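Participant: Have a peek at structure09.tsv (TSV, C-alpha atoms).
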chain	number	residue	atom	x	y	z
D	1	MET	CA	7.94	-59.14	2.48
D	2	HIS	CA	6.65	-55.74	1.41
D	3	PRO	CA	6.62	-55.73	-2.40
D	4	GLY	CA	8.01	-52.20	-2.77
D	5	TRP	CA	9.28	-50.73	-6.02
D	6	ILE	CA	12.61	-50.08	-7.76
D	7	LEU	CA	13.69	-47.04	-9.74
D	8	GLY	CA	15.94	-47.42	-12.79
D	9	MET	CA	17.82	-44.48	-14.28
D	10	THR	CA	20.26	-43.89	-17.13
D	11	THR	CA	21.90	-40.61	-18.09
D	12	VAL	CA	24.90	-41.94	-20.01
D	13	THR	CA	23.74	-40.67	-23.43
D	14	LYS	CA	21.93	-37.47	-24.45
D	15	ALA	CA	18.68	-39.11	-23.39
D	16	LEU	CA	17.37	-39.53	-19.86
D	17	GLY	CA	15.72	-42.88	-19.26
D	18	LEU	CA	13.60	-43.65	-16.21
D	19	ALA	CA	11.79	-46.86	-15.32
D	20	ILE	CA	9.89	-48.15	-12.31
D	21	GLY	CA	9.23	-51.76	-11.44
D	22	GLU	CA	6.41	-52.25	-8.98
D	23	ASP	CA	5.94	-55.28	-6.73
D	24	ALA	CA	9.72	-55.67	-6.78
D	25	GLY	CA	9.67	-58.11	-3.90
D	26	THR	CA	7.62	-60.52	-5.97
D	27	GLY	CA	9.36	-60.14	-9.32
D	28	CYS	CA	8.39	-56.71	-10.69
D	29	HIS	CA	5.08	-57.42	-12.38
D	30	ARG	CA	4.19	-53.84	-13.35
D	31	PHE	CA	6.47	-51.45	-15.15
D	32	HIS	CA	6.46	-47.79	-16.15
D	33	ARG	CA	9.13	-46.28	-18.38
D	34	GLN	CA	9.81	-43.07	-20.25
D	35	ALA	CA	12.65	-41.28	-22.04
D	36	TRP	CA	13.48	-37.65	-22.75
D	37	LEU	CA	16.08	-36.33	-25.21
D	38	LEU	CA	17.68	-33.64	-23.03
D	39	ASP	CA	21.28	-33.35	-24.24
D	40	ARG	CA	22.82	-30.33	-22.45
D	41	GLN	CA	19.67	-29.80	-20.38
D	42	MET	CA	20.12	-33.10	-18.54
D	43	ALA	CA	21.24	-31.56	-15.23
D	44	ALA	CA	18.51	-28.92	-15.24
D	45	CYS	CA	15.69	-31.25	-16.26
D	46	LEU	CA	16.45	-34.54	-14.49
D	47	HIS	CA	14.68	-33.71	-11.24
D	48	PRO	CA	11.57	-32.17	-12.87
D	49	CYS	CA	11.32	-35.19	-15.20
D	50	LEU	CA	11.64	-37.57	-12.26
D	51	GLN	CA	8.97	-35.71	-10.32
D	52	ALA	CA	6.57	-35.71	-13.29
D	53	PHE	CA	7.30	-39.37	-14.04
D	54	MET	CA	6.50	-40.68	-10.55
D	55	PRO	CA	3.08	-42.39	-10.44
D	56	LYS	CA	0.89	-40.69	-7.85
D	57	HIS	CA	0.09	-43.95	-6.07
D	58	LEU	CA	3.75	-44.63	-5.21
D	59	SER	CA	5.57	-43.33	-2.15
D	60	TRP	CA	9.33	-42.94	-1.75
D	61	ARG	CA	9.11	-44.71	1.61
D	62	ASP	CA	8.21	-47.89	-0.31
D	63	CYS	CA	11.19	-47.66	-2.69
D	64	ILE	CA	13.49	-50.62	-2.01
D	65	GLY	CA	16.31	-49.81	-4.42
D	66	VAL	CA	17.74	-47.56	-7.10
D	67	ALA	CA	19.39	-49.03	-10.20
D	68	VAL	CA	21.68	-46.79	-12.23
D	69	ALA	CA	23.83	-47.07	-15.34
D	70	MET	CA	27.40	-46.33	-14.16
D	71	GLY	CA	28.68	-45.75	-17.69
D	72	PRO	CA	30.46	-45.76	-20.01
D	73	GLY	CA	29.08	-42.77	-21.83
D	74	SER	CA	29.04	-39.02	-21.43
D	75	PHE	CA	31.40	-37.86	-18.66
D	76	THR	CA	28.95	-35.28	-17.34
D	77	GLY	CA	25.84	-37.39	-17.77
D	78	THR	CA	27.40	-40.45	-16.17
D	79	ARG	CA	28.54	-38.47	-13.13
D	80	LEU	CA	25.12	-36.87	-12.81
D	81	GLY	CA	23.20	-40.15	-12.81
D	82	VAL	CA	25.56	-41.81	-10.34
D	83	THR	CA	25.44	-38.79	-8.02
D	84	VAL	CA	21.64	-38.66	-8.00
D	85	ALA	CA	21.37	-42.41	-7.41
D	86	ARG	CA	23.88	-42.29	-4.56
D	87	THR	CA	22.07	-39.36	-2.99
D	88	LEU	CA	18.73	-41.18	-3.14
D	89	GLY	CA	20.28	-44.31	-1.67
D	90	GLN	CA	21.94	-42.43	1.17
D	91	THR	CA	18.87	-40.31	1.93
D	92	LEU	CA	16.37	-43.17	1.82
D	93	GLY	CA	18.68	-45.75	3.37
D	94	ILE	CA	18.20	-48.20	0.49
D	95	PRO	CA	20.59	-50.14	-1.79
D	96	VAL	CA	21.96	-48.55	-4.94
D	97	TYR	CA	22.54	-51.12	-7.68
D	98	GLY	CA	25.09	-49.94	-10.22
D	99	PHE	CA	25.46	-51.72	-13.55
D	100	SER	CA	27.51	-51.21	-16.67
D	101	ALA	CA	25.35	-49.67	-19.37
D	102	LEU	CA	26.92	-52.08	-21.86
D	103	ALA	CA	26.04	-55.14	-19.78
D	104	ALA	CA	22.52	-53.83	-19.21
D	105	LEU	CA	22.07	-53.33	-22.96
D	106	ALA	CA	23.03	-56.99	-23.49
D	107	TRP	CA	20.32	-58.10	-21.05
D	108	GLY	CA	17.66	-60.31	-22.59
D	109	HIS	CA	19.65	-61.33	-25.68
D	110	GLN	CA	20.48	-64.94	-26.44
D	111	GLY	CA	24.01	-66.17	-27.06
D	112	ARG	CA	27.13	-64.05	-26.93
D	113	VAL	CA	26.55	-60.33	-27.37
D	114	GLY	CA	29.14	-57.67	-28.16
D	115	VAL	CA	28.27	-54.19	-26.90
D	116	TYR	CA	30.33	-51.08	-27.52
D	117	VAL	CA	30.30	-47.30	-27.39
D	118	ASP	CA	32.27	-44.91	-29.58
D	119	ALA	CA	35.25	-43.75	-27.48
D	120	GLN	CA	36.40	-41.27	-30.15
D	121	ARG	CA	39.99	-41.15	-31.49
D	122	GLN	CA	39.09	-44.07	-33.78
D	123	GLU	CA	38.60	-46.40	-30.82
D	124	TRP	CA	35.68	-48.26	-29.29
D	125	PHE	CA	35.07	-49.20	-25.68
D	126	GLY	CA	33.32	-52.52	-25.50
D	127	GLY	CA	32.86	-55.91	-23.93
D	128	ILE	CA	31.31	-59.27	-24.71
D	129	TYR	CA	28.59	-60.84	-22.57
D	130	THR	CA	26.29	-63.81	-22.37
D	131	GLN	CA	23.15	-64.27	-20.33
D	132	GLN	CA	22.98	-67.44	-18.28
D	133	GLY	CA	19.59	-67.76	-16.67
D	134	SER	CA	18.99	-64.60	-14.70
D	135	ARG	CA	22.62	-63.42	-14.72
D	136	ILE	CA	24.80	-61.57	-17.19
D	137	THR	CA	28.26	-63.13	-17.48
D	138	VAL	CA	31.25	-61.23	-18.81
D	139	VAL	CA	33.02	-63.16	-21.58
D	140	VAL	CA	35.48	-60.40	-22.50
D	141	PRO	CA	35.87	-57.50	-20.04
D	142	GLU	CA	35.13	-53.94	-21.15
D	143	GLN	CA	38.16	-52.07	-22.47
D	144	LEU	CA	39.39	-49.82	-25.25
D	145	TRP	CA	39.81	-51.42	-28.68
D	146	SER	CA	40.88	-50.26	-32.09
D	147	HIS	CA	38.24	-51.01	-34.69
D	148	GLN	CA	40.35	-53.90	-35.98
D	149	GLN	CA	40.92	-55.35	-32.50
D	150	TRP	CA	37.21	-55.20	-31.76
D	151	GLN	CA	36.34	-57.04	-34.96
D	152	GLU	CA	38.94	-59.68	-34.14
D	153	GLN	CA	37.42	-60.18	-30.68
D	154	LEU	CA	33.96	-60.59	-32.16
D	155	GLU	CA	35.23	-63.20	-34.62
D	156	GLN	CA	37.30	-65.09	-32.04
D	157	ASN	CA	34.35	-65.30	-29.65
D	158	GLN	CA	31.83	-66.14	-32.39
D	159	VAL	CA	29.63	-63.17	-31.57
D	160	ARG	CA	26.57	-62.85	-33.80
D	161	THR	CA	24.76	-60.02	-32.03
D	162	VAL	CA	26.50	-56.64	-31.81
D	163	LEU	CA	24.88	-53.63	-30.14
D	164	CYS	CA	26.01	-50.01	-29.97
D	165	LEU	CA	25.23	-47.73	-27.05
D	166	ASP	CA	24.45	-44.38	-28.64
D	167	ASP	CA	21.84	-41.66	-28.70
D	168	ALA	CA	19.57	-43.81	-30.87
D	169	VAL	CA	19.21	-46.40	-28.11
D	170	ALA	CA	15.85	-46.16	-26.35
D	171	ALA	CA	16.96	-44.95	-22.91
D	172	ASP	CA	13.69	-46.09	-21.35
D	173	VAL	CA	14.42	-49.67	-22.43
D	174	LEU	CA	17.91	-49.48	-20.92
D	175	ALA	CA	16.40	-48.13	-17.68
D	176	LEU	CA	13.93	-51.01	-17.70
D	177	HIS	CA	16.78	-53.52	-18.03
D	178	LEU	CA	18.44	-51.91	-15.01
D	179	VAL	CA	15.26	-52.38	-12.97
D	180	GLU	CA	14.95	-56.02	-13.99
D	181	MET	CA	18.58	-56.76	-13.11
D	182	ALA	CA	18.29	-54.99	-9.75
D	183	ALA	CA	15.02	-56.78	-8.95
D	184	ILE	CA	16.75	-60.13	-9.35
D	185	ASP	CA	19.56	-59.05	-7.03
D	186	ALA	CA	17.03	-57.75	-4.51
D	187	SER	CA	15.00	-60.98	-4.62
D	188	LEU	CA	18.18	-62.96	-3.94
D	189	GLY	CA	19.09	-60.71	-1.04
D	190	VAL	CA	22.11	-59.31	-2.87
D	191	ARG	CA	22.87	-55.94	-1.31
D	192	TRP	CA	26.42	-55.43	-2.50
D	193	ALA	CA	25.82	-51.71	-2.91
D	194	ASP	CA	24.37	-50.98	0.52
D	195	SER	CA	27.45	-48.81	0.77
D	196	TRP	CA	26.36	-46.34	-1.92
D	197	SER	CA	29.96	-45.13	-2.13
D	198	LYS	CA	30.82	-48.33	-4.04
D	199	VAL	CA	28.76	-47.18	-7.02
D	200	VAL	CA	31.17	-45.10	-9.10
D	201	PRO	CA	31.22	-43.96	-12.74
D	202	ILE	CA	32.71	-46.17	-15.43
D	203	TYR	CA	34.61	-44.03	-17.91
D	204	SER	CA	35.85	-45.24	-21.29
D	205	ARG	CA	38.80	-42.89	-20.83
D	206	ARG	CA	40.40	-41.05	-17.93
D	207	PRO	CA	38.18	-38.02	-17.20
D	208	PRO	CA	39.43	-34.59	-18.35
D	209	ILE	CA	41.33	-32.51	-15.80
D	210	GLY	CA	38.89	-31.14	-13.24
D	211	GLN	CA	36.26	-33.80	-13.98
D	212	GLY	CA	37.69	-36.78	-12.07
Let me see the file written as structure tokens.
Facilitator:
Amino acid sequence: MHPGWILGMTTVTKALGLAIGEDAGTGCHRFHRQAWLLDRQMAACLHPCLQAFMPKHLSWRDCIGVAVAMGPGSFTGTRLGVTVARTLGQTLGIPVYGFSALAALAWGHQGRVGVYVDAQRQEWFGGIYTQQGSRITVVVPEQLWSHQQWQEQLEQNQVRTVLCLDDAVAADVLALHLVEMAAIDASLGVRWADSWSKVVPIYSRRPPIGQG
């Protein structure tokens, strides 16, 4: 099997995170990652950042998958990342692996992990996860919670580790987690997203009118 490489990308916060895992067919032994705080310049700068980030020794014809954070997060940023990932997948004829940014943030932590993002209006959008071997298992599905409801869920499920997806999160680390999760799926022959149209944004709320 040709080792190939996998691209990971997250645009769900004000920071762009990119990561590459080389030798993806044999477990991704070499990684590159970088983050840029772009805020409102995300759309204008994503492609130049991607072009500058690409190691010169890699070729797009050897890319075997694209992993993207599907949200939740910024409406505009989430849509942008998903659109670019889908376009790459369709153009290159490769799988697009879409993951929840919250689940990806929980990757690598032991025990039950609660991950949330501020959904405004005094509510949080969060879920609870646990990692079992090489898989992330959902303990409590992602949904909107009041602050009190979220705390009750954490207590009921005996969650000791709580993470918040915000602008302070290192986007390059999140992108790296996406690559690692996609590499496992690729090594197992999981190609659930061969139909790139199945990768769609996850919104914490219904998108504003005109942004569906």
Participant: Just checking: using only C-alpha atoms, which residue out of D:Gly77, D:Gly133, D:Cys45, D:Glu22 ends up closest to Ser59 (chain D)?
Facilitator: D:Glu22
Participant: Name all residues at most 12 Å from Ala35 (chain D) (count only C-alpha atoms; drop same-chain ones fewer than 5 positions away) and give them as a list in words.
Facilitator: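 Within the cut-off, the hits are Gly8, Met9, Thr10, Thr11, Thr13, Lys14, Ala15, Leu16, Gly17, Leu18, Ala19, Met42, Cys45, Leu46, Cys49, Leu50, Phe53, Asp167, Ala168, Val169, Ala170, Ala171, Asp172, Val173, Leu174, Ala175 and Leu176 of chain D.
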Participant: Would you mind exporting the chosen residues as a tab-separated table (two decimals), keeping the file's coordinate frame, restricted to C-alpha atoms?
Facilitator:
chain	number	residue	atom	x	y	z
D	8	GLY	CA	15.94	-47.42	-12.79
D	9	MET	CA	17.82	-44.48	-14.28
D	10	THR	CA	20.26	-43.89	-17.13
D	11	THR	CA	21.90	-40.61	-18.09
D	13	THR	CA	23.74	-40.67	-23.43
D	14	LYS	CA	21.93	-37.47	-24.45
D	15	ALA	CA	18.68	-39.11	-23.39
D	16	LEU	CA	17.37	-39.53	-19.86
D	17	GLY	CA	15.72	-42.88	-19.26
D	18	LEU	CA	13.60	-43.65	-16.21
D	19	ALA	CA	11.79	-46.86	-15.32
D	42	MET	CA	20.12	-33.10	-18.54
D	45	CYS	CA	15.69	-31.25	-16.26
D	46	LEU	CA	16.45	-34.54	-14.49
D	49	CYS	CA	11.32	-35.19	-15.20
D	50	LEU	CA	11.64	-37.57	-12.26
D	53	PHE	CA	7.30	-39.37	-14.04
D	167	ASP	CA	21.84	-41.66	-28.70
D	168	ALA	CA	19.57	-43.81	-30.87
D	169	VAL	CA	19.21	-46.40	-28.11
D	170	ALA	CA	15.85	-46.16	-26.35
D	171	ALA	CA	16.96	-44.95	-22.91
D	172	ASP	CA	13.69	-46.09	-21.35
D	173	VAL	CA	14.42	-49.67	-22.43
D	174	LEU	CA	17.91	-49.48	-20.92
D	175	ALA	CA	16.40	-48.13	-17.68
D	176	LEU	CA	13.93	-51.01	-17.70
Participant: Compile the contact shell of Gly126 (chain D) as an NGL selection string: residues with an atom at most 8 Å away, counting only C-alpha atoms, same-chain residues fewer than 5 positions apart removed.
Facilitator: :D and (102 or 114-117 or 141-145 or 150)
Participant: As an exercise, work out the distance from CA of Thr83 (chain D) to CA of Ser100 (chain D) in Å and give it to one decimal place.
Facilitator: 15.3 Å
Participant: Can you work out which one of D:Ala101, D:Val162, D:Ala43, D:Val200 has the shortest atom-to-atom distance to Arg86 (chain D), counting only C-alpha atoms?
Facilitator: D:Val200
Participant: One number please: CA of Pro55 (chain D) to CA of Ile6 (chain D), in Å, one decimal.
Facilitator: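 We find that CA of Pro55 (chain D) and CA of Ile6 (chain D) lie 12.5 Å from each other.
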Participant: Tell me, as a PyMOL selection string, which residues lie within 12 Å of Val139 (chain D), counting only C-alpha atoms; anything in the same chain fewer than 2 positions away does not count.
Facilitator: chain D and resi 103+106+111-115+126-132+136-137+141-142+153-154+156-159
Participant: Identify, on the basis of only C-alpha atoms, every residue whose closest approach to Gln122 (chain D) does not exceed 8 Å; exclude the query and any residue fewer than 2 positions from it along the same chain; express the result as a PDB file with C-alpha atoms, in the coordinates of the input.
Facilitator:
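What landed in around-v5.pdb:
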ATOM      1  CA  ALA D 119      35.250 -43.750 -27.480  1.00  0.00           C
ATOM      2  CA  GLN D 120      36.400 -41.270 -30.150  1.00  0.00           C
ATOM      3  CA  TRP D 124      35.680 -48.260 -29.290  1.00  0.00           C
ATOM      4  CA  SER D 146      40.880 -50.260 -32.090  1.00  0.00           C
ATOM      5  CA  HIS D 147      38.240 -51.010 -34.690  1.00  0.00           C
TER       6      HIS D 147
END
Participant: Measure the distance from CA of Leu88 (chain D) to CA of Leu105 (chain D) in Å and round it to one decimal.
Facilitator: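 Going from CA of Leu88 (chain D) over to CA of Leu105 (chain D), I get 23.5 Å.
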Participant: Of the residues D:Thr161, D:Thr91, D:Gln151, D:Ser134, which is the one nearest to Gln110 (chain D), using all atoms listed in the file?
Facilitator: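 Closest to Gln110 (chain D) of all the choices is D:Thr161.
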Participant: Please provide the set of residues having any atom within 10 Å of Ile20 (chain D), restricted to only C-alpha atoms, with same-chain residues fewer than 3 positions apart removed, written as an MDAnalysis selection string.
Facilitator: chainID D and resid 5:9 23:24 28 30:34 53:55 63 66:67 175:176 178:180
Participant: May I ask which of the residues D:Ala44, D:Met70, D:Gln148, D:Val140 is the closest one to Ala104 (chain D), counting all atoms listed in the file?
Facilitator: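 Distance minimum relative to Ala104 (chain D) lands on D:Met70.
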Participant: Generate the coordinates of N, CA and C atoms for region 34-56 of chain D; report them as a CSV table (one decimal), in the frame of the given file.
Facilitator:
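part_14.csv, freshly written:
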chain,number,residue,atom,x,y,z
D,34,GLN,N,9.9,-44.2,-19.4
D,34,GLN,CA,9.8,-43.1,-20.2
D,34,GLN,C,11.2,-42.5,-20.5
D,35,ALA,N,11.4,-41.9,-21.7
D,35,ALA,CA,12.6,-41.3,-22.0
D,35,ALA,C,12.5,-39.9,-22.5
D,36,TRP,N,13.5,-39.0,-22.3
D,36,TRP,CA,13.5,-37.6,-22.8
D,36,TRP,C,14.8,-37.4,-23.4
D,37,LEU,N,14.8,-36.7,-24.6
D,37,LEU,CA,16.1,-36.3,-25.2
D,37,LEU,C,16.4,-34.9,-24.7
D,38,LEU,N,17.4,-34.9,-23.7
D,38,LEU,CA,17.7,-33.6,-23.0
D,38,LEU,C,19.0,-33.0,-23.4
D,39,ASP,N,20.0,-33.8,-23.8
D,39,ASP,CA,21.3,-33.4,-24.2
D,39,ASP,C,21.9,-32.5,-23.1
D,40,ARG,N,22.2,-31.2,-23.4
D,40,ARG,CA,22.8,-30.3,-22.4
D,40,ARG,C,21.9,-29.9,-21.3
D,41,GLN,N,20.6,-30.2,-21.4
D,41,GLN,CA,19.7,-29.8,-20.4
D,41,GLN,C,19.5,-30.9,-19.3
D,42,MET,N,20.3,-32.0,-19.4
D,42,MET,CA,20.1,-33.1,-18.5
D,42,MET,C,20.1,-32.7,-17.1
D,43,ALA,N,21.1,-31.9,-16.6
D,43,ALA,CA,21.2,-31.6,-15.2
D,43,ALA,C,20.0,-30.7,-14.8
D,44,ALA,N,19.6,-29.8,-15.6
D,44,ALA,CA,18.5,-28.9,-15.2
D,44,ALA,C,17.2,-29.6,-15.2
D,45,CYS,N,17.0,-30.6,-16.1
D,45,CYS,CA,15.7,-31.2,-16.3
D,45,CYS,C,15.5,-32.6,-15.6
D,46,LEU,N,16.6,-33.2,-15.1
D,46,LEU,CA,16.4,-34.5,-14.5
D,46,LEU,C,15.4,-34.6,-13.3
D,47,HIS,N,15.6,-33.7,-12.4
D,47,HIS,CA,14.7,-33.7,-11.2
D,47,HIS,C,13.2,-33.4,-11.6
D,48,PRO,N,13.0,-32.4,-12.4
D,48,PRO,CA,11.6,-32.2,-12.9
D,48,PRO,C,11.0,-33.4,-13.6
D,49,CYS,N,11.8,-34.0,-14.5
D,49,CYS,CA,11.3,-35.2,-15.2
D,49,CYS,C,11.0,-36.3,-14.2
D,50,LEU,N,11.9,-36.5,-13.2
D,50,LEU,CA,11.6,-37.6,-12.3
D,50,LEU,C,10.4,-37.3,-11.5
D,51,GLN,N,10.2,-36.1,-11.1
D,51,GLN,CA,9.0,-35.7,-10.3
D,51,GLN,C,7.7,-35.9,-11.1
D,52,ALA,N,7.7,-35.5,-12.4
D,52,ALA,CA,6.6,-35.7,-13.3
D,52,ALA,C,6.3,-37.2,-13.6
D,53,PHE,N,7.4,-38.0,-13.7
D,53,PHE,CA,7.3,-39.4,-14.0
D,53,PHE,C,6.7,-40.2,-12.9
D,54,MET,N,6.9,-39.9,-11.7
D,54,MET,CA,6.5,-40.7,-10.6
D,54,MET,C,5.0,-40.9,-10.5
D,55,PRO,N,4.5,-42.1,-10.6
D,55,PRO,CA,3.1,-42.4,-10.4
D,55,PRO,C,2.6,-41.9,-9.1
D,56,LYS,N,1.4,-41.3,-9.1
D,56,LYS,CA,0.9,-40.7,-7.8
D,56,LYS,C,0.6,-41.7,-6.7
